[in-house]
>>> print(open('my_file-v5.txt').read())   # compact mmCIF, N, CA and C atoms
# COMPACT_ATOMS: atom_id res chain seq x y z
N MET A 64 109.43 -101.13 -44.34
CA MET A 64 108.54 -100.01 -44.19
C MET A 64 109.33 -98.80 -43.68
N VAL A 65 109.04 -97.66 -44.23
CA VAL A 65 109.71 -96.42 -43.84
C VAL A 65 109.16 -95.95 -42.50
N LYS A 66 110.07 -95.76 -41.54
CA LYS A 66 109.68 -95.29 -40.22
C LYS A 66 110.26 -93.93 -39.87
N TYR A 67 111.40 -93.59 -40.46
CA TYR A 67 112.05 -92.32 -40.10
C TYR A 67 112.62 -91.69 -41.36
N SER A 68 111.93 -90.66 -41.86
CA SER A 68 112.35 -89.96 -43.07
C SER A 68 113.10 -88.69 -42.70
N LEU A 69 114.05 -88.36 -43.52
CA LEU A 69 114.83 -87.13 -43.38
C LEU A 69 114.47 -86.20 -44.52
N VAL A 70 114.23 -84.93 -44.19
CA VAL A 70 113.93 -83.92 -45.20
C VAL A 70 114.93 -82.79 -45.07
N GLY A 71 115.58 -82.45 -46.18
CA GLY A 71 116.40 -81.26 -46.24
C GLY A 71 115.49 -80.09 -46.53
N TYR A 72 115.49 -79.09 -45.65
CA TYR A 72 114.52 -78.00 -45.76
C TYR A 72 115.23 -76.65 -45.81
N ASP A 73 114.90 -75.88 -46.86
CA ASP A 73 115.50 -74.55 -46.99
C ASP A 73 114.46 -73.45 -47.17
N GLY A 74 113.20 -73.78 -47.01
CA GLY A 74 112.14 -72.80 -47.14
C GLY A 74 111.62 -72.62 -48.55
N SER A 75 112.24 -73.26 -49.52
CA SER A 75 111.80 -73.13 -50.91
C SER A 75 110.50 -73.92 -51.13
N ASP A 76 109.82 -73.63 -52.24
CA ASP A 76 108.60 -74.38 -52.57
C ASP A 76 108.91 -75.87 -52.68
N ALA A 77 110.03 -76.20 -53.28
CA ALA A 77 110.40 -77.62 -53.44
C ALA A 77 110.59 -78.29 -52.09
N SER A 78 111.23 -77.61 -51.14
CA SER A 78 111.44 -78.23 -49.83
C SER A 78 110.13 -78.31 -49.04
N ARG A 79 109.23 -77.38 -49.26
CA ARG A 79 107.91 -77.46 -48.60
C ARG A 79 107.13 -78.66 -49.14
N ARG A 80 107.21 -78.89 -50.45
CA ARG A 80 106.54 -80.06 -51.03
C ARG A 80 107.18 -81.36 -50.51
N ALA A 81 108.50 -81.37 -50.39
CA ALA A 81 109.19 -82.55 -49.86
C ALA A 81 108.76 -82.80 -48.41
N PHE A 82 108.66 -81.75 -47.61
CA PHE A 82 108.22 -81.88 -46.23
C PHE A 82 106.81 -82.45 -46.17
N GLN A 83 105.90 -81.91 -46.97
CA GLN A 83 104.52 -82.40 -46.97
C GLN A 83 104.46 -83.87 -47.37
N PHE A 84 105.25 -84.26 -48.38
CA PHE A 84 105.31 -85.66 -48.80
C PHE A 84 105.78 -86.54 -47.65
N ALA A 85 106.83 -86.14 -46.97
CA ALA A 85 107.38 -86.93 -45.86
C ALA A 85 106.38 -87.04 -44.71
N ILE A 86 105.65 -85.97 -44.42
CA ILE A 86 104.63 -86.01 -43.38
C ILE A 86 103.52 -86.99 -43.76
N ASP A 87 103.06 -86.93 -45.00
CA ASP A 87 102.01 -87.86 -45.45
C ASP A 87 102.48 -89.30 -45.32
N LEU A 88 103.72 -89.56 -45.69
CA LEU A 88 104.29 -90.90 -45.59
C LEU A 88 104.39 -91.34 -44.13
N ALA A 89 104.83 -90.44 -43.26
CA ALA A 89 104.94 -90.75 -41.83
C ALA A 89 103.57 -91.09 -41.24
N ARG A 90 102.57 -90.37 -41.64
CA ARG A 90 101.23 -90.66 -41.13
C ARG A 90 100.76 -92.04 -41.56
N CYS A 91 101.04 -92.40 -42.80
CA CYS A 91 100.63 -93.72 -43.30
C CYS A 91 101.36 -94.85 -42.58
N ASN A 92 102.62 -94.63 -42.21
CA ASN A 92 103.46 -95.68 -41.63
C ASN A 92 103.66 -95.54 -40.13
N HIS A 93 102.95 -94.59 -39.51
CA HIS A 93 103.14 -94.33 -38.07
C HIS A 93 104.61 -94.05 -37.76
N GLY A 94 105.21 -93.23 -38.61
CA GLY A 94 106.62 -92.90 -38.46
C GLY A 94 106.85 -91.48 -38.02
N ARG A 95 108.06 -91.02 -38.19
CA ARG A 95 108.47 -89.66 -37.84
C ARG A 95 109.26 -89.06 -38.99
N VAL A 96 109.43 -87.75 -38.92
CA VAL A 96 110.18 -87.01 -39.93
C VAL A 96 111.24 -86.17 -39.22
N ARG A 97 112.46 -86.26 -39.70
CA ARG A 97 113.56 -85.41 -39.22
C ARG A 97 113.75 -84.32 -40.27
N VAL A 98 113.60 -83.07 -39.86
CA VAL A 98 113.76 -81.94 -40.77
C VAL A 98 115.07 -81.24 -40.43
N VAL A 99 115.92 -81.13 -41.42
CA VAL A 99 117.22 -80.51 -41.21
C VAL A 99 117.34 -79.31 -42.15
N SER A 100 117.67 -78.18 -41.57
CA SER A 100 117.93 -76.97 -42.34
C SER A 100 119.43 -76.70 -42.24
N VAL A 101 120.08 -76.62 -43.38
CA VAL A 101 121.53 -76.46 -43.42
C VAL A 101 121.87 -75.06 -43.88
N LEU A 102 122.64 -74.36 -43.06
CA LEU A 102 123.13 -73.04 -43.42
C LEU A 102 124.58 -73.18 -43.84
N GLN A 103 124.92 -72.56 -44.94
CA GLN A 103 126.29 -72.60 -45.42
C GLN A 103 127.01 -71.34 -44.99
N VAL A 104 128.17 -71.50 -44.37
CA VAL A 104 129.01 -70.38 -43.99
C VAL A 104 130.19 -70.37 -44.94
N THR A 105 130.34 -69.28 -45.67
CA THR A 105 131.40 -69.23 -46.67
C THR A 105 132.64 -68.50 -46.20
N GLU A 106 132.50 -67.64 -45.20
CA GLU A 106 133.65 -66.90 -44.70
C GLU A 106 133.79 -67.09 -43.20
N GLY A 107 135.02 -67.16 -42.71
CA GLY A 107 135.25 -67.19 -41.28
C GLY A 107 135.46 -68.56 -40.69
N GLY A 108 135.08 -69.59 -41.40
CA GLY A 108 135.35 -70.94 -40.95
C GLY A 108 134.59 -71.36 -39.71
N ALA A 109 135.17 -72.29 -38.97
CA ALA A 109 134.52 -72.93 -37.83
C ALA A 109 134.22 -71.95 -36.70
N ASP A 110 135.09 -70.98 -36.46
CA ASP A 110 134.85 -70.03 -35.37
C ASP A 110 133.58 -69.22 -35.60
N VAL A 111 133.39 -68.76 -36.83
CA VAL A 111 132.19 -68.00 -37.15
C VAL A 111 130.96 -68.90 -37.04
N SER A 112 131.08 -70.13 -37.50
CA SER A 112 129.96 -71.08 -37.41
C SER A 112 129.54 -71.28 -35.96
N ALA A 113 130.52 -71.49 -35.08
CA ALA A 113 130.22 -71.70 -33.66
C ALA A 113 129.53 -70.49 -33.06
N LEU A 114 130.00 -69.30 -33.39
CA LEU A 114 129.41 -68.07 -32.88
C LEU A 114 127.97 -67.92 -33.38
N LEU A 115 127.76 -68.16 -34.68
CA LEU A 115 126.42 -68.05 -35.23
C LEU A 115 125.47 -69.05 -34.59
N MET A 116 125.94 -70.27 -34.39
CA MET A 116 125.10 -71.29 -33.77
C MET A 116 124.72 -70.88 -32.35
N ALA A 117 125.67 -70.40 -31.60
CA ALA A 117 125.40 -70.01 -30.21
C ALA A 117 124.43 -68.85 -30.16
N ASP A 118 124.58 -67.90 -31.07
CA ASP A 118 123.74 -66.70 -31.05
C ASP A 118 122.34 -66.92 -31.58
N SER A 119 122.19 -67.71 -32.65
CA SER A 119 120.88 -67.76 -33.30
C SER A 119 120.33 -69.17 -33.52
N GLY A 120 121.06 -70.19 -33.16
CA GLY A 120 120.63 -71.55 -33.44
C GLY A 120 119.31 -71.92 -32.80
N THR A 121 119.16 -71.64 -31.53
CA THR A 121 117.94 -72.01 -30.82
C THR A 121 116.75 -71.21 -31.35
N GLN A 122 116.95 -69.93 -31.56
CA GLN A 122 115.87 -69.09 -32.08
C GLN A 122 115.48 -69.52 -33.49
N ARG A 123 116.45 -69.78 -34.34
CA ARG A 123 116.16 -70.20 -35.72
C ARG A 123 115.45 -71.56 -35.73
N ALA A 124 115.82 -72.46 -34.82
CA ALA A 124 115.15 -73.76 -34.75
C ALA A 124 113.68 -73.58 -34.37
N ARG A 125 113.41 -72.67 -33.43
CA ARG A 125 112.01 -72.38 -33.07
C ARG A 125 111.26 -71.78 -34.26
N GLU A 126 111.91 -70.86 -34.98
CA GLU A 126 111.28 -70.26 -36.16
C GLU A 126 111.00 -71.32 -37.23
N LEU A 127 111.94 -72.25 -37.39
CA LEU A 127 111.76 -73.33 -38.36
C LEU A 127 110.57 -74.19 -37.98
N LEU A 128 110.45 -74.55 -36.71
CA LEU A 128 109.30 -75.35 -36.27
C LEU A 128 108.01 -74.58 -36.46
N ASP A 129 108.01 -73.27 -36.21
CA ASP A 129 106.83 -72.44 -36.46
C ASP A 129 106.45 -72.46 -37.93
N GLU A 130 107.45 -72.37 -38.79
CA GLU A 130 107.21 -72.40 -40.25
C GLU A 130 106.62 -73.74 -40.66
N LEU A 131 107.13 -74.82 -40.10
CA LEU A 131 106.63 -76.16 -40.44
C LEU A 131 105.20 -76.36 -39.93
N THR A 132 104.89 -75.83 -38.74
CA THR A 132 103.53 -75.97 -38.23
C THR A 132 102.54 -75.08 -38.99
N ALA A 133 103.02 -74.06 -39.68
CA ALA A 133 102.15 -73.28 -40.56
C ALA A 133 101.75 -74.13 -41.78
N ILE A 134 102.62 -75.04 -42.18
CA ILE A 134 102.33 -75.93 -43.31
C ILE A 134 101.48 -77.11 -42.83
N VAL A 135 101.88 -77.70 -41.71
CA VAL A 135 101.20 -78.86 -41.13
C VAL A 135 100.96 -78.54 -39.65
N PRO A 136 99.73 -78.22 -39.28
CA PRO A 136 99.46 -77.75 -37.91
C PRO A 136 99.95 -78.66 -36.79
N ASP A 137 99.94 -79.97 -36.98
CA ASP A 137 100.39 -80.86 -35.91
C ASP A 137 101.82 -81.35 -36.14
N ALA A 138 102.61 -80.58 -36.88
CA ALA A 138 103.98 -80.98 -37.20
C ALA A 138 104.83 -81.24 -35.97
N ASN A 139 104.62 -80.46 -34.91
CA ASN A 139 105.45 -80.64 -33.71
C ASN A 139 105.30 -82.02 -33.09
N GLU A 140 104.22 -82.73 -33.42
CA GLU A 140 104.02 -84.09 -32.91
C GLU A 140 104.72 -85.14 -33.78
N LEU A 141 105.10 -84.76 -35.00
CA LEU A 141 105.63 -85.73 -35.96
C LEU A 141 107.08 -85.50 -36.35
N VAL A 142 107.64 -84.34 -35.99
CA VAL A 142 108.97 -84.01 -36.51
C VAL A 142 110.00 -83.77 -35.42
N ASP A 143 111.23 -84.02 -35.81
CA ASP A 143 112.42 -83.61 -35.06
C ASP A 143 113.10 -82.58 -35.95
N VAL A 144 113.49 -81.46 -35.38
CA VAL A 144 114.07 -80.36 -36.15
C VAL A 144 115.52 -80.14 -35.74
N GLU A 145 116.36 -79.92 -36.74
CA GLU A 145 117.75 -79.57 -36.45
C GLU A 145 118.21 -78.50 -37.43
N LEU A 146 118.87 -77.52 -36.90
CA LEU A 146 119.50 -76.48 -37.70
C LEU A 146 121.00 -76.71 -37.57
N THR A 147 121.69 -76.78 -38.70
CA THR A 147 123.12 -77.04 -38.64
C THR A 147 123.82 -76.27 -39.76
N TYR A 148 125.13 -76.33 -39.75
CA TYR A 148 125.95 -75.61 -40.71
C TYR A 148 126.80 -76.59 -41.49
N GLY A 149 127.06 -76.27 -42.75
CA GLY A 149 127.92 -77.13 -43.56
C GLY A 149 127.46 -77.18 -45.00
N SER A 150 127.93 -78.19 -45.68
CA SER A 150 127.53 -78.45 -47.06
C SER A 150 126.26 -79.29 -47.04
N PRO A 151 125.17 -78.84 -47.67
CA PRO A 151 123.89 -79.54 -47.56
C PRO A 151 123.95 -81.03 -47.88
N GLY A 152 124.58 -81.41 -48.97
CA GLY A 152 124.65 -82.82 -49.32
C GLY A 152 125.38 -83.64 -48.27
N ASP A 153 126.51 -83.13 -47.82
CA ASP A 153 127.30 -83.85 -46.81
C ASP A 153 126.54 -83.96 -45.48
N VAL A 154 125.86 -82.88 -45.09
CA VAL A 154 125.11 -82.91 -43.85
C VAL A 154 123.98 -83.94 -43.93
N LEU A 155 123.24 -83.94 -45.03
CA LEU A 155 122.14 -84.89 -45.17
C LEU A 155 122.64 -86.33 -45.13
N LEU A 156 123.73 -86.60 -45.83
CA LEU A 156 124.29 -87.95 -45.81
C LEU A 156 124.76 -88.33 -44.41
N GLY A 157 125.35 -87.41 -43.69
CA GLY A 157 125.78 -87.67 -42.33
C GLY A 157 124.62 -87.92 -41.39
N GLN A 158 123.52 -87.21 -41.58
CA GLN A 158 122.33 -87.38 -40.74
C GLN A 158 121.75 -88.79 -40.88
N ILE A 159 121.85 -89.36 -42.05
CA ILE A 159 121.33 -90.71 -42.28
C ILE A 159 121.99 -91.69 -41.31
N GLU A 160 123.30 -91.62 -41.24
CA GLU A 160 124.05 -92.52 -40.36
C GLU A 160 123.85 -92.18 -38.89
N GLN A 161 123.92 -90.90 -38.55
CA GLN A 161 123.86 -90.47 -37.15
C GLN A 161 122.53 -90.77 -36.48
N HIS A 162 121.45 -90.74 -37.24
CA HIS A 162 120.13 -90.81 -36.62
C HIS A 162 119.29 -92.00 -37.07
N GLY A 163 119.89 -92.94 -37.75
CA GLY A 163 119.15 -94.14 -38.15
C GLY A 163 118.01 -93.87 -39.10
N VAL A 164 118.20 -92.90 -39.97
CA VAL A 164 117.19 -92.56 -40.97
C VAL A 164 117.09 -93.68 -41.99
N ASP A 165 115.87 -94.04 -42.38
CA ASP A 165 115.73 -95.11 -43.37
C ASP A 165 115.15 -94.63 -44.71
N HIS A 166 115.00 -93.30 -44.86
CA HIS A 166 114.47 -92.75 -46.11
C HIS A 166 114.81 -91.27 -46.16
N LEU A 167 115.18 -90.80 -47.32
CA LEU A 167 115.52 -89.39 -47.50
C LEU A 167 114.59 -88.78 -48.53
N VAL A 168 114.06 -87.60 -48.21
CA VAL A 168 113.18 -86.88 -49.12
C VAL A 168 113.80 -85.50 -49.36
N ILE A 169 114.01 -85.18 -50.63
CA ILE A 169 114.56 -83.87 -50.97
C ILE A 169 113.74 -83.24 -52.08
N GLY A 170 113.70 -81.93 -52.05
CA GLY A 170 113.02 -81.19 -53.11
C GLY A 170 113.98 -80.93 -54.24
N HIS A 171 113.44 -80.86 -55.44
CA HIS A 171 114.27 -80.61 -56.62
C HIS A 171 113.89 -79.26 -57.21
N THR A 172 114.88 -78.42 -57.41
CA THR A 172 114.68 -77.11 -58.01
C THR A 172 115.38 -77.09 -59.35
N GLU A 173 114.67 -76.68 -60.36
CA GLU A 173 115.28 -76.60 -61.69
C GLU A 173 116.28 -75.46 -61.73
N ARG A 174 117.48 -75.76 -62.17
CA ARG A 174 118.52 -74.75 -62.36
C ARG A 174 119.10 -74.95 -63.74
N GLY A 175 119.68 -73.91 -64.24
CA GLY A 175 120.36 -74.01 -65.52
C GLY A 175 121.67 -74.76 -65.38
N ALA A 176 122.25 -75.12 -66.50
CA ALA A 176 123.50 -75.88 -66.50
C ALA A 176 124.63 -75.12 -65.81
N LEU A 177 124.70 -73.82 -66.01
CA LEU A 177 125.76 -73.02 -65.39
C LEU A 177 125.63 -73.03 -63.87
N ALA A 178 124.42 -72.85 -63.37
CA ALA A 178 124.21 -72.86 -61.92
C ALA A 178 124.57 -74.22 -61.32
N ARG A 179 124.19 -75.30 -62.02
CA ARG A 179 124.55 -76.64 -61.54
C ARG A 179 126.06 -76.82 -61.50
N TRP A 180 126.74 -76.32 -62.52
CA TRP A 180 128.19 -76.46 -62.59
C TRP A 180 128.86 -75.65 -61.48
N LEU A 181 128.39 -74.44 -61.26
CA LEU A 181 128.99 -73.58 -60.24
C LEU A 181 128.64 -74.02 -58.82
N LEU A 182 127.39 -74.38 -58.58
CA LEU A 182 126.92 -74.66 -57.24
C LEU A 182 126.83 -76.14 -56.91
N GLY A 183 126.86 -76.96 -57.94
CA GLY A 183 126.66 -78.39 -57.72
C GLY A 183 125.18 -78.66 -57.57
N SER A 184 124.84 -79.90 -57.41
CA SER A 184 123.45 -80.28 -57.22
C SER A 184 123.36 -81.17 -56.00
N VAL A 185 122.66 -80.69 -54.99
CA VAL A 185 122.50 -81.48 -53.77
C VAL A 185 121.82 -82.80 -54.10
N SER A 186 120.75 -82.74 -54.90
CA SER A 186 120.02 -83.97 -55.20
C SER A 186 120.90 -84.98 -55.94
N SER A 187 121.70 -84.53 -56.89
CA SER A 187 122.58 -85.45 -57.62
C SER A 187 123.62 -86.06 -56.69
N ASN A 188 124.21 -85.25 -55.82
CA ASN A 188 125.21 -85.72 -54.86
C ASN A 188 124.61 -86.76 -53.92
N VAL A 189 123.45 -86.47 -53.39
CA VAL A 189 122.80 -87.37 -52.45
C VAL A 189 122.37 -88.66 -53.14
N LEU A 190 121.81 -88.55 -54.34
CA LEU A 190 121.39 -89.75 -55.07
C LEU A 190 122.57 -90.67 -55.34
N ALA A 191 123.72 -90.10 -55.62
CA ALA A 191 124.90 -90.91 -55.94
C ALA A 191 125.48 -91.60 -54.71
N LYS A 192 125.31 -91.03 -53.52
CA LYS A 192 126.01 -91.53 -52.34
C LYS A 192 125.13 -92.14 -51.25
N ALA A 193 123.83 -91.89 -51.26
CA ALA A 193 122.96 -92.37 -50.18
C ALA A 193 122.81 -93.88 -50.22
N HIS A 194 122.77 -94.47 -49.03
CA HIS A 194 122.58 -95.91 -48.92
C HIS A 194 121.19 -96.27 -48.39
N VAL A 195 120.26 -95.31 -48.52
CA VAL A 195 118.87 -95.53 -48.18
C VAL A 195 118.03 -95.06 -49.36
N PRO A 196 116.78 -95.48 -49.45
CA PRO A 196 115.94 -94.97 -50.54
C PRO A 196 115.82 -93.45 -50.48
N VAL A 197 115.85 -92.83 -51.66
CA VAL A 197 115.74 -91.38 -51.78
C VAL A 197 114.56 -91.04 -52.67
N THR A 198 113.71 -90.14 -52.21
CA THR A 198 112.61 -89.63 -53.02
C THR A 198 112.91 -88.18 -53.33
N VAL A 199 112.90 -87.85 -54.62
CA VAL A 199 113.09 -86.47 -55.05
C VAL A 199 111.72 -85.95 -55.46
N VAL A 200 111.27 -84.90 -54.77
CA VAL A 200 109.94 -84.34 -55.00
C VAL A 200 110.10 -83.10 -55.87
N ARG A 201 109.35 -83.06 -56.94
CA ARG A 201 109.36 -81.91 -57.84
C ARG A 201 108.18 -81.00 -57.55
>>> encode(input="my_file-v5.txt", output="structure tokens")
Amino acid sequence: MVKYSLVGYDGSDASRRAFQFAIDLARCNHGRVRVVSVLQVTEGGADVSALLMADSGTQRARELLDELTAIVPDANELVDVELTYGSPGDVLLGQIEQHGVDHLVIGHTERGALARWLLGSVSSNVLAKAHVPVTVVR
């Protein structure tokens, strides 16, 4: 039985649907949902990431929880929220191990072949490497 689901959340319609799915599942199983929002830093490396986290991490985490409670009013009772930096697929896979997650829920956004080639596909990467059940919500 699924007790702790992880949702990758970026504010898109697909991630909102994934979040809602995970909440519904948690309610059915008396579980919890871990919501992770991953910010990618392309310039400046680790020093810039550390500075950004120190300056805006706590505030952005509060804003993220506010956004989630706008979708699900009692979300603060069911979710753990984390804002982090890195590659979304790698972060999600790492969260599974670090936090004992037993299910991953991700939203799927349709992209063209060129965008997939240039940017990669988080869902494809996670599906290929995850060692827990993965639900892709469209």
>>> residues_around(input="my_file-v5.txt", residues="Tyr67 (chain A)", least_positions_apart="4", cutoff="6.5 Å", atoms="all atoms listed in the file", output="VMD selection string")
chain A and resid 94 to 97 163 to 166
>>> write_last_selection(input="my_file-v5.txt", atoms="N, CA and C atoms", output="JSON list (two decimals), in the frame of the given file")
[["chain", "number", "residue", "atom", "x", "y", "z"],
["A", 94, "GLY", "N", 105.21, -93.23, -38.61],
["A", 94, "GLY", "CA", 106.62, -92.90, -38.46],
["A", 94, "GLY", "C", 106.85, -91.48, -38.02],
["A", 95, "ARG", "N", 108.06, -91.02, -38.19],
["A", 95, "ARG", "CA", 108.47, -89.66, -37.84],
["A", 95, "ARG", "C", 109.26, -89.06, -38.99],
["A", 96, "VAL", "N", 109.43, -87.75, -38.92],
["A", 96, "VAL", "CA", 110.18, -87.01, -39.93],
["A", 96, "VAL", "C", 111.24, -86.17, -39.22],
["A", 97, "ARG", "N", 112.46, -86.26, -39.70],
["A", 97, "ARG", "CA", 113.56, -85.41, -39.22],
["A", 97, "ARG", "C", 113.75, -84.32, -40.27],
["A", 163, "GLY", "N", 119.89, -92.94, -37.75],
["A", 163, "GLY", "CA", 119.15, -94.14, -38.15],
["A", 163, "GLY", "C", 118.01, -93.87, -39.10],
["A", 164, "VAL", "N", 118.20, -92.90, -39.97],
["A", 164, "VAL", "CA", 117.19, -92.56, -40.97],
["A", 164, "VAL", "C", 117.09, -93.68, -41.99],
["A", 165, "ASP", "N", 115.87, -94.04, -42.38],
["A", 165, "ASP", "CA", 115.73, -95.11, -43.37],
["A", 165, "ASP", "C", 115.15, -94.63, -44.71],
["A", 166, "HIS", "N", 115.00, -93.30, -44.86],
["A", 166, "HIS", "CA", 114.47, -92.75, -46.11],
["A", 166, "HIS", "C", 114.81, -91.27, -46.16]]
>>> closest_residue(input="my_file-v5.txt", among="A:Thr172, A:Asn188, A:Thr121, A:Thr132", to="Ser150 (chain A)", atoms="only C-alpha atoms")
A:Asn188
>>> residues_around(input="my_file-v5.txt", residues="Val189 (chain A)", least_positions_apart="3", cutoff="8 Å", atoms="all atoms listed in the file", output="ChimeraX atom specification")
/A:151-153,155-156,184-186,192-194,197
>>> residues_around(input="my_file-v5.txt", residues="Val98 (chain A)", least_positions_apart="5", cutoff="6 Å", atoms="all atoms listed in the file", output="MDAnalysis selection string")
chainID A and resid 69:72 142:145
>>> closest_residue(input="my_file-v5.txt", among="A:Val65, A:Tyr148, A:Ala124, A:Ala77", to="His93 (chain A)", atoms="only C-alpha atoms")
A:Val65
>>> atom_distance(input="my_file-v5.txt", atom1="atom N of Thr198 (chain A)", atom2="atom N of Gly170 (chain A)")
8.2 Å
>>> atom_distance(input="my_file-v5.txt", atom1="atom N of Ala138 (chain A)", atom2="atom N of Asp87 (chain A)")
10.3 Å
>>> residues_around(input="my_file-v5.txt", residues="Ile169 (chain A)", least_positions_apart="2", cutoff="5 Å", atoms="all atoms listed in the file", output="PyMOL selection string")
chain A and resi 167+171+198-200
